[in-house]
Amino acid sequence: MAVEYKGGKCEACGYDRCADALEFHHNNATSKKFGISEKGYTRSWDAVKDELDKCIMICANCHRELHAKLAASGGNARVKSE
Ligand SMILES: [Zn+2]
Ligand SMILES: [Zn+2]
């Protein structure tokens, strides 16, 4: 349901073939309260939605690329939501 809430596809490249390949990236790591991708939600859906609003959903491929770019630009650089 988290995947549908975020549009069901990668925000970077539009990939939508396999929901298991979609991951969440927090724009601000310090605001992370709990891991959304973990199975078995212990929080209410409202809390999950609140958290999802701070994330972008991208496929595993784009996620790796994004982190590689972040690492290359100094690690803690802020991610622009492009
Ligand atoms: Zn992608
Ligand atoms: Zn990430």
# chains A, B, ... in the order shown; residues from 1 in each chain; ligands from 1

$ residues_near_ligand --ligand "ligand 2" --cutoff "7 Å" --atoms "only C-alpha atoms and all ligand atoms" --output "MDAnalysis selection string"
chainID A and resid 24:26 63 67

$ closest_atom_pairs --of "chain A" --to "ligand 1" --cutoff "7 Å" --atoms "only C-alpha atoms and all ligand atoms" --output "JSON lines"
{"residue": "A:Cys10", "atom": "CA", "partner": "ligand 1", "partner_atom_place_in_ligand_line": "1 (Zn)", "distance": 4.7}
{"residue": "A:Glu11", "atom": "CA", "partner": "ligand 1", "partner_atom_place_in_ligand_line": "1 (Zn)", "distance": 6.7}
{"residue": "A:Ala12", "atom": "CA", "partner": "ligand 1", "partner_atom_place_in_ligand_line": "1 (Zn)", "distance": 5.0}
{"residue": "A:Cys13", "atom": "CA", "partner": "ligand 1", "partner_atom_place_in_ligand_line": "1 (Zn)", "distance": 4.2}
{"residue": "A:Gly14", "atom": "CA", "partner": "ligand 1", "partner_atom_place_in_ligand_line": "1 (Zn)", "distance": 6.0}
{"residue": "A:Tyr15", "atom": "CA", "partner": "ligand 1", "partner_atom_place_in_ligand_line": "1 (Zn)", "distance": 5.3}
{"residue": "A:Ile58", "atom": "CA", "partner": "ligand 1", "partner_atom_place_in_ligand_line": "1 (Zn)", "distance": 5.1}
{"residue": "A:Cys59", "atom": "CA", "partner": "ligand 1", "partner_atom_place_in_ligand_line": "1 (Zn)", "distance": 4.2}
{"residue": "A:Ala60", "atom": "CA", "partner": "ligand 1", "partner_atom_place_in_ligand_line": "1 (Zn)", "distance": 6.8}
{"residue": "A:Asn61", "atom": "CA", "partner": "ligand 1", "partner_atom_place_in_ligand_line": "1 (Zn)", "distance": 5.8}
{"residue": "A:Cys62", "atom": "CA", "partner": "ligand 1", "partner_atom_place_in_ligand_line": "1 (Zn)", "distance": 4.3}

$ residues_around --residues "Lys49 in chain A" --least-positions-apart "6" --cutoff "12 Å" --atoms "only C-alpha atoms" --output "list in words"
Met1, Ala2, Val3, Glu4, Tyr5, Lys6, Ile36, Tyr41, Arg43 and Cys55 of chain A

$ closest_residue --among "A:Glu51, A:Gly74, A:Asp46, A:Met57" --to "Ala19 in chain A" --atoms "only C-alpha atoms"
A:Met57

$ atom_distance --atom1 "CA of Lys54 in chain A" --atom2 "CA of Asn27 in chain A"
6.3 Å

$ atom_distance --atom1 "CA of Arg17 in chain A" --atom2 "CA of Leu66 in chain A"
19.9 Å
